[in-house]
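Chemist: Below you will find the structure I want to go over with you.
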2 protein chains.
Amino acid sequence: MLINKDNYHTIWLNEKSRSSFSIIDQRLLPHELVIMNVHTSDVAASVIKDMAVRGAPLIGVTAAFGFYLGTLEASQDNFDSYISTVFKKLAATRPTAVNLLWALQKMKAAADGVQGIDQKRNAALQCAIAIKNEDIEMCRMIGVHGLELIKAISKTKNGEPVNILTHCNAGWLACVDWGTATSPIYHAQKEGINIHVWVDETRPRNQGANLTAFELGQQNINHTLIVDNTGGHLMQHGMVDMVIVGSDRVTAQGDVANKIGTYLKALAAKDNRVPFYAAMPVSTIDWNIKDGVKEIPIEQRDQNEVKYVSGKHEGKIKEVLICPETTPAANYGFDVTPSRLITGIITEKGISPASEEGLKKLYS
Amino acid sequence: MLINKDNYHTIWLNEKSRSSFSIIDQRLLPHELVIMNVHTSDVAASVIKDMAVRGAPLIGVTAAFGFYLGTLEASQDNFDSYISTVFKKLAATRPTAVNLLWALQKMKAAADGVQGIDQKRNAALQCAIAIKNEDIEMCRMIGVHGLELIKAISKTKNGEPVNILTHCNAGWLACVDWGTATSPIYHAQKEGINIHVWVDETRPRNQGANLTAFELGQQNINHTLIVDNTGGHLMQHGMVDMVIVGSDRVTAQGDVANKIGTYLKALAAKDNRVPFYAAMPVSTIDWNIKDGVKEIPIEQRDQNEVKYVSGKHEGKIKEVLICPETTPAANYGFDVTPSRLITGIITEKGISPASEEGLKKLYS
């Protein structure tokens with residue numbers, strides 16, 4: 001997608017040497033665009049650990065390219081033991097990211113599947129490229145399917161914009177291109193549909209204000225930033241036509257774990273008969289659990305993310321304290337939206353009702 | 001209530017000279033405690049206009065004392081015309097504050113009711129003191145009634161804390177003492193009931209983080225600051241026993257206008273069978289309107305309140321930008337919670353169902 005009118009992916013191999021890759025340092029967005037070159041598997045691990053890259057799909061792709069750099073660092077003599085260390089180092093960067101482990105296992109299998117160091121390096125390279133391309137295609141297809149929903153609403157609006165509310169950043173910056181929740185929006189833009197996006201700032205980390213507002217602005221999509229408290233009021237007054245959010249985990253019965261606050265927006269959508277969709281690849285579905293509210297453990301994060309807000313002051317990024325220094329704070333990362341509040345699940349395989357029967361049909 | 005273990009009101013007459021009054025400059029809370037002396041009606045107008053004092057009740061009391069200072073500034077010759085100017089000046093500081101106008105009209109009637117400049121000054125002084133004392137008593141009685149609700153829940157908790165969620169600051173800092181939504185909490189503390197308060201930070205202006213967290217901390221009440229997105233998750237998991245919020249306006253049928261985001265918490269409370277109360281003096285009831293969602297106009301405020309966050313950095317209060325500079329933002333100040341989501345209305349006259357029939361009975 002576009003940044004400063006140039007087309008970007010969130011990660012790319014440096015084609016000349018094929019011995020390094022580049023990422024966008026997302027910690028500095030939206031205030032600065034800094035491209036980091038990653039030359040070693042150690043640096044690859046640190047850009048994941050230090051959250052220069054974030055979003056499950058992008059973390060997986062970054063780990064894959066990091067693993068590939070590991071194969072370049074390994075020698076004929078120590079290949080297997082070196083690669084095993086690289087695997088563990090990358091896997092340890094974000095221990096709860098399922099996608100990260102999946103990508104590393106795929107990379108290891110590719111390297112293990114061939115003989116000879118050059119062949120192993122090449123197999124790793126091809127696998128990393130494939131993982132990246134699969135992510136792009138998956139996000140593209142989420143957009144192709146989601147577009148139909150926006151098109152249908154657009155037909156009822158007589159040229160007025162379709163108002164879409166989104167929470168957090170399930171955008172291309174969390175993936176390689178297109179994004180998940182944003183992919184239908186970008187596809188609607190390409191079709192010339194008049195759209196406007198309400199962007200929840202998404203406290204405590206403000207991924208909506210920092211990243212989604214940045215993405216949409218760069219892509220020249222009409223949007224308005226709001227505080228997380230606002231969505232209910234907008235829906236009461238007919239100012240939202242649909243909600244699209246991403247998801248970190250979907251249960252077998254269609255409950256959706258996503259950034260804290262998603263549940264509140266789903267309640268407001270239900271109360272005002274606004275369709276509420278979650279968009280994600282089918283790999284996000286966890287068939288081992290049913291009741292998301294009961295079964296999904298919710299990560300508690302550092303309370304300083306609540307007590308401090310980061311932003312730009314006189315050209316520099318600074319943190320300000322918004323409460324008394326001694327105030328205790330709690331920071332729950334996610335919540336679970338029960339399937340009864342969800343109109344549909346948008347995946348690369350199609351759109352499904354939020355139910356076990358519906359989700360299973362995606363595979364048929 | 002307590003600040004640094006001393007008892008304070010938000011406003012007080014300087015008893016020796018009776019020619020000035022003092023306020024707490026709330027713009028600097030919680031980071032600095034600055035007491036401002038107000039010696040003239042001009043300064044009184046500016047502390048209201050510049051929001052050194054805020055909260056409808058406190059604005060009314062401040063205007064009353066400002067009017068009293070005006071009677072000291074007026075001379076025998078120009079009394080009526082001077083006082084008329086003072087009235088207009090104070091009334092213009094926050095044009096939408098109904099309570100402000102009510103207090104000024106009461107002050108003017110008191111001065112008009114007697115002959116002679118000394119008598120007028122004295123009548124104004126007595127009236128301002130009465131308005132202040134009435135507010136304290138009203139807030140105290142809200143607490144006396146609301147306490148019974150907390151007591152009843154406490155009996156079911158086997159010594160575990162009663163978890164109360166509140167939104168924004170309807171605390172003593174918005175009034176003179178006790179507060180509205182906080183008054184039942186402070187009364188429960190005096191009764192020795194084990195309580196814990198979840199404090200919504202309340203973006204965009206963070207009155208929860210800045211003021212409610214400060215109040216409760218100073219009063220040594222167990223509390224935890226959360227982002228506005230969190231309440232739904234807590235209620236799903238049985239971590240909230242009741243919600244108490246304030247209100248800016250209650251309609252004849254019991255719809256409650258309050259700080260933006262209140263409606264979302266009320267939806268979550270309903271979905272999880274958590275009792276949801278709004279606390280306010282009966283003067284907040286507007287008998288001229290019924291359907292709050294349709295009839296109450298919602299003020300839109302400066303979009304920079306959304307785009308910038310204020311807090312302390314290296315000992316100084318600074319503002320940081322949390323989105324791209326060019327991002328458009330919308331800032332709706334309030335929302336309306338329909339009466340069907342409200343368990344009860346707590347007033348100084350007792351507790352009522354959120355219905356026309358219930359509210360009318362408060363007067364019988």
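Identifiers for the structure tokens are assigned positionally: chains receive A, B, ... in sequence, residues are indexed from 1 per chain, and ligands are indexed from 1 in the order shown.
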Counting only C-alpha atoms, what is within 6 Å of range 329-344 of chain B, bar same-chain residues fewer than 3 positions away, as a PyMOL selection string?
Modeler: (chain A and resi 224-226+233) or (chain B and resi 254-260+263+266+275-277+293+298-301+303+352-354)
Chemist: Excluding same-chain residues fewer than 5 positions from range 80-86 of chain A, what lies within 9 Å of it counting only C-alpha atoms, as a list of chain:residue names?
Modeler: A:Ser41, A:Asp42, A:Ala45, A:Gly66, A:Phe67, A:Gly70, A:Thr71, A:Glu73, A:Ala74, A:Ser75, A:Ala91, A:Lys108, A:Asp112
Chemist: I need the residues of range 6-119 of chain B that end up classed as helix (DSSP H, G or I) by DSSP on the backbone, written out as a ChimeraX atom specification.
Modeler: /B:26-28,41-49,56-73,79-91,98-112,117-119
Chemist: I'd like the neighbourhood of Gln218 in chain A as an MDAnalysis selection string, where a residue qualifies if any of its atoms comes within 9 Å (using only C-alpha atoms), though same-chain residues fewer than 2 positions away should be ignored.
Modeler: chainID A and resid 1:5 213:216 220:221
Chemist: Write out as a VMD selection string each polymer residue whose atoms come within 9 Å of range 356-362 of chain B, counting only C-alpha atoms; drop sequence neighbours fewer than 6 positions from it.
Modeler: chain B and resid 251 to 254 282 285 290 345 347 349 to 350
Chemist: Convert the current residue selection to file output with all heavy atoms, as a PDB file, in the first residue's frame.
Modeler:
ATOM      1  N   THR B 251     -33.869  13.050  31.355  1.00  0.00           N
ATOM      2  CA  THR B 251     -35.155  13.413  30.745  1.00  0.00           C
ATOM      3  C   THR B 251     -36.306  12.928  31.617  1.00  0.00           C
ATOM      4  O   THR B 251     -36.119  12.118  32.528  1.00  0.00           O
ATOM      5  CB  THR B 251     -35.321  12.795  29.342  1.00  0.00           C
ATOM      6  OG1 THR B 251     -35.556  11.388  29.483  1.00  0.00           O
ATOM      7  CG2 THR B 251     -34.086  13.025  28.483  1.00  0.00           C
ATOM      8  N   ALA B 252     -37.512  13.391  31.285  1.00  0.00           N
ATOM      9  CA  ALA B 252     -38.714  13.030  32.058  1.00  0.00           C
ATOM     10  C   ALA B 252     -38.933  11.519  32.091  1.00  0.00           C
ATOM     11  O   ALA B 252     -39.490  10.995  33.047  1.00  0.00           O
ATOM     12  CB  ALA B 252     -39.927  13.741  31.465  1.00  0.00           C
ATOM     13  N   GLN B 253     -38.478  10.792  31.055  1.00  0.00           N
ATOM     14  CA  GLN B 253     -38.683   9.333  31.063  1.00  0.00           C
ATOM     15  C   GLN B 253     -37.468   8.581  31.613  1.00  0.00           C
ATOM     16  O   GLN B 253     -37.440   7.356  31.606  1.00  0.00           O
ATOM     17  CB  GLN B 253     -39.049   8.826  29.662  1.00  0.00           C
ATOM     18  CG  GLN B 253     -37.907   8.879  28.653  1.00  0.00           C
ATOM     19  CD  GLN B 253     -38.356   8.429  27.255  1.00  0.00           C
ATOM     20  OE1 GLN B 253     -39.536   8.446  26.930  1.00  0.00           O
ATOM     21  NE2 GLN B 253     -37.414   8.038  26.412  1.00  0.00           N
ATOM     22  N   GLY B 254     -36.452   9.334  32.099  1.00  0.00           N
ATOM     23  CA  GLY B 254     -35.318   8.696  32.763  1.00  0.00           C
ATOM     24  C   GLY B 254     -34.132   8.364  31.873  1.00  0.00           C
ATOM     25  O   GLY B 254     -33.243   7.616  32.278  1.00  0.00           O
ATOM     26  N   VAL B 282     -31.998  16.288  41.900  1.00  0.00           N
ATOM     27  CA  VAL B 282     -33.229  16.308  41.096  1.00  0.00           C
ATOM     28  C   VAL B 282     -33.288  17.513  40.156  1.00  0.00           C
ATOM     29  O   VAL B 282     -34.002  17.473  39.150  1.00  0.00           O
ATOM     30  CB  VAL B 282     -34.511  16.268  41.967  1.00  0.00           C
ATOM     31  CG1 VAL B 282     -34.646  14.939  42.690  1.00  0.00           C
ATOM     32  CG2 VAL B 282     -34.552  17.428  42.950  1.00  0.00           C
ATOM     33  N   ILE B 285     -33.045  16.948  36.409  1.00  0.00           N
ATOM     34  CA  ILE B 285     -34.134  16.401  35.586  1.00  0.00           C
ATOM     35  C   ILE B 285     -34.738  17.515  34.738  1.00  0.00           C
ATOM     36  O   ILE B 285     -35.116  18.561  35.255  1.00  0.00           O
ATOM     37  CB  ILE B 285     -35.232  15.753  36.458  1.00  0.00           C
ATOM     38  CG1 ILE B 285     -34.624  14.642  37.325  1.00  0.00           C
ATOM     39  CG2 ILE B 285     -36.356  15.187  35.575  1.00  0.00           C
ATOM     40  CD1 ILE B 285     -35.558  14.132  38.421  1.00  0.00           C
ATOM     41  N   LYS B 290     -38.425  14.144  26.701  1.00  0.00           N
ATOM     42  CA  LYS B 290     -38.674  12.743  27.033  1.00  0.00           C
ATOM     43  C   LYS B 290     -37.594  11.841  26.443  1.00  0.00           C
ATOM     44  O   LYS B 290     -36.865  11.178  27.157  1.00  0.00           O
ATOM     45  CB  LYS B 290     -40.043  12.317  26.474  1.00  0.00           C
ATOM     46  CG  LYS B 290     -41.201  12.814  27.321  1.00  0.00           C
ATOM     47  CD  LYS B 290     -42.415  11.916  27.122  1.00  0.00           C
ATOM     48  CE  LYS B 290     -43.470  12.235  28.186  1.00  0.00           C
ATOM     49  NZ  LYS B 290     -44.613  11.346  28.139  1.00  0.00           N
ATOM     50  N   ILE B 345     -32.109   5.672  39.547  1.00  0.00           N
ATOM     51  CA  ILE B 345     -31.618   7.044  39.595  1.00  0.00           C
ATOM     52  C   ILE B 345     -31.470   7.398  41.075  1.00  0.00           C
ATOM     53  O   ILE B 345     -32.442   7.315  41.832  1.00  0.00           O
ATOM     54  CB  ILE B 345     -32.646   7.994  38.926  1.00  0.00           C
ATOM     55  CG1 ILE B 345     -32.948   7.578  37.474  1.00  0.00           C
ATOM     56  CG2 ILE B 345     -32.223   9.442  39.045  1.00  0.00           C
ATOM     57  CD1 ILE B 345     -31.890   7.929  36.471  1.00  0.00           C
ATOM     58  N   THR B 347     -30.937  10.162  43.834  1.00  0.00           N
ATOM     59  CA  THR B 347     -31.001  11.612  44.037  1.00  0.00           C
ATOM     60  C   THR B 347     -30.982  11.922  45.531  1.00  0.00           C
ATOM     61  O   THR B 347     -31.044  11.004  46.360  1.00  0.00           O
ATOM     62  CB  THR B 347     -32.303  12.223  43.457  1.00  0.00           C
ATOM     63  OG1 THR B 347     -33.389  11.882  44.336  1.00  0.00           O
ATOM     64  CG2 THR B 347     -32.608  11.690  42.068  1.00  0.00           C
ATOM     65  N   LYS B 349     -33.331  13.109  47.065  1.00  0.00           N
ATOM     66  CA  LYS B 349     -34.668  12.823  47.597  1.00  0.00           C
ATOM     67  C   LYS B 349     -34.948  11.327  47.690  1.00  0.00           C
ATOM     68  O   LYS B 349     -36.049  10.926  48.091  1.00  0.00           O
ATOM     69  CB  LYS B 349     -35.736  13.460  46.709  1.00  0.00           C
ATOM     70  CG  LYS B 349     -35.772  14.984  46.755  1.00  0.00           C
ATOM     71  CD  LYS B 349     -36.869  15.502  45.839  1.00  0.00           C
ATOM     72  CE  LYS B 349     -36.860  17.015  45.735  1.00  0.00           C
ATOM     73  NZ  LYS B 349     -37.402  17.688  46.938  1.00  0.00           N
ATOM     74  N   GLY B 350     -34.013  10.509  47.257  1.00  0.00           N
ATOM     75  CA  GLY B 350     -34.219   9.064  47.301  1.00  0.00           C
ATOM     76  C   GLY B 350     -33.846   8.412  45.979  1.00  0.00           C
ATOM     77  O   GLY B 350     -33.346   9.087  45.070  1.00  0.00           O
TER      78      GLY B 350
END
Chemist: Applying 9 Å and only C-alpha atoms, which residues near Glu325 in chain B remain after dropping the ones on its own chain fewer than 5 positions away? List them as a list of chain:residue names.
Modeler: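 After dropping sequence-adjacent residues, the list is A:Pro30, A:His31, B:Lys307.
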Chemist: Could you write those residues out with all heavy atoms, as a PDB file, in the first residue's frame?
Modeler:
ATOM      1  N   PRO A  30       2.999   7.296  13.732  1.00  0.00           N
ATOM      2  CA  PRO A  30       2.964   7.944  12.419  1.00  0.00           C
ATOM      3  C   PRO A  30       3.941   9.109  12.291  1.00  0.00           C
ATOM      4  O   PRO A  30       3.931   9.805  11.291  1.00  0.00           O
ATOM      5  CB  PRO A  30       1.534   8.486  12.378  1.00  0.00           C
ATOM      6  CG  PRO A  30       1.284   8.896  13.802  1.00  0.00           C
ATOM      7  CD  PRO A  30       1.999   7.867  14.658  1.00  0.00           C
ATOM      8  N   HIS A  31       4.773   9.295  13.301  1.00  0.00           N
ATOM      9  CA  HIS A  31       5.529  10.552  13.359  1.00  0.00           C
ATOM     10  C   HIS A  31       6.777  10.538  12.463  1.00  0.00           C
ATOM     11  O   HIS A  31       7.194  11.561  11.952  1.00  0.00           O
ATOM     12  CB  HIS A  31       5.881  10.871  14.813  1.00  0.00           C
ATOM     13  CG  HIS A  31       4.688  10.845  15.711  1.00  0.00           C
ATOM     14  ND1 HIS A  31       3.630  11.707  15.554  1.00  0.00           N
ATOM     15  CD2 HIS A  31       4.335  10.038  16.748  1.00  0.00           C
ATOM     16  CE1 HIS A  31       2.694  11.450  16.470  1.00  0.00           C
ATOM     17  NE2 HIS A  31       3.096  10.434  17.198  1.00  0.00           N
TER      18      HIS A  31
ATOM     19  N   LYS B 307      -6.868  14.569  19.444  1.00  0.00           N
ATOM     20  CA  LYS B 307      -5.564  14.380  18.794  1.00  0.00           C
ATOM     21  C   LYS B 307      -4.387  14.541  19.757  1.00  0.00           C
ATOM     22  O   LYS B 307      -3.300  14.037  19.499  1.00  0.00           O
ATOM     23  CB  LYS B 307      -5.427  15.362  17.620  1.00  0.00           C
ATOM     24  CG  LYS B 307      -6.447  15.098  16.506  1.00  0.00           C
ATOM     25  CD  LYS B 307      -6.369  16.124  15.382  1.00  0.00           C
ATOM     26  CE  LYS B 307      -5.077  16.018  14.603  1.00  0.00           C
ATOM     27  NZ  LYS B 307      -5.091  16.899  13.400  1.00  0.00           N
TER      28      LYS B 307
END
Chemist: Determine the nearest neighbour of Cys168 in chain B from the options B:Arg18, B:Leu147, B:Gly208, B:Thr156, counting only C-alpha atoms.
Modeler: B:Gly208
Chemist: What is the CA of Trp198 in chain A-CA of Leu321 in chain B distance in Å, reported with one decimal?
Modeler: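 CA of Leu321 in chain B lies 18.6 Å from CA of Trp198 in chain A.
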Chemist: Please, which residues of range 266-312 of chain A, numbered as in this document, come out strand (DSSP E or B) from DSSP, as a PyMOL selection string?
Modeler: chain A and resi 276-279+285-286+300+308-312
Chemist: Write the residues of the preceding selection, restricted to C-alpha atoms, as an mmCIF file, in the first residue's frame.
Modeler:
data_model
loop_
_atom_site.group_PDB
_atom_site.id
_atom_site.type_symbol
_atom_site.label_atom_id
_atom_site.label_comp_id
_atom_site.auth_asym_id
_atom_site.auth_seq_id
_atom_site.Cartn_x
_atom_site.Cartn_y
_atom_site.Cartn_z
ATOM 1 C CA PHE A 276 -20.772 -6.335 12.872
ATOM 2 C CA TYR A 277 -18.056 -8.326 11.050
ATOM 3 C CA ALA A 278 -14.692 -9.765 12.060
ATOM 4 C CA ALA A 279 -12.108 -10.409 9.317
ATOM 5 C CA ILE A 285 -9.839 -20.337 14.056
ATOM 6 C CA ASP A 286 -8.960 -22.423 17.101
ATOM 7 C CA GLN A 300 -2.522 -8.690 31.290
ATOM 8 C CA TYR A 308 1.468 6.877 30.247
ATOM 9 C CA VAL A 309 0.571 8.038 26.736
ATOM 10 C CA SER A 310 3.173 8.325 24.016
ATOM 11 C CA GLY A 311 3.131 10.957 21.269
ATOM 12 C CA LYS A 312 4.982 13.808 19.620
#
Chemist: For Pro328 in chain A, which residue out of A:Gly232, A:Glu314, A:Ile117, A:Asp302 is the nearest one, using only C-alpha atoms?
Modeler: A:Asp302
Chemist: My list of candidates is A:Thr212, A:Gln126, A:Thr166, A:Gln119. Which is closest to Pro324 in chain B when distances are computed with only C-alpha atoms?
Modeler: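 Between A:Thr212, A:Gln126, A:Thr166, A:Gln119, the residue approaching Pro324 in chain B most closely is A:Thr212.
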Chemist: Can you pull out the residues contacting Asn169 in chain A? Cut-off 12 Å, using only C-alpha atoms, and skip same-chain residues under 2 positions away; I want them as a PyMOL selection string.
Modeler: chain A and resi 26+54-56+165-167+171-175+178-183+199-203+205-216+244-248+258-259+262+279
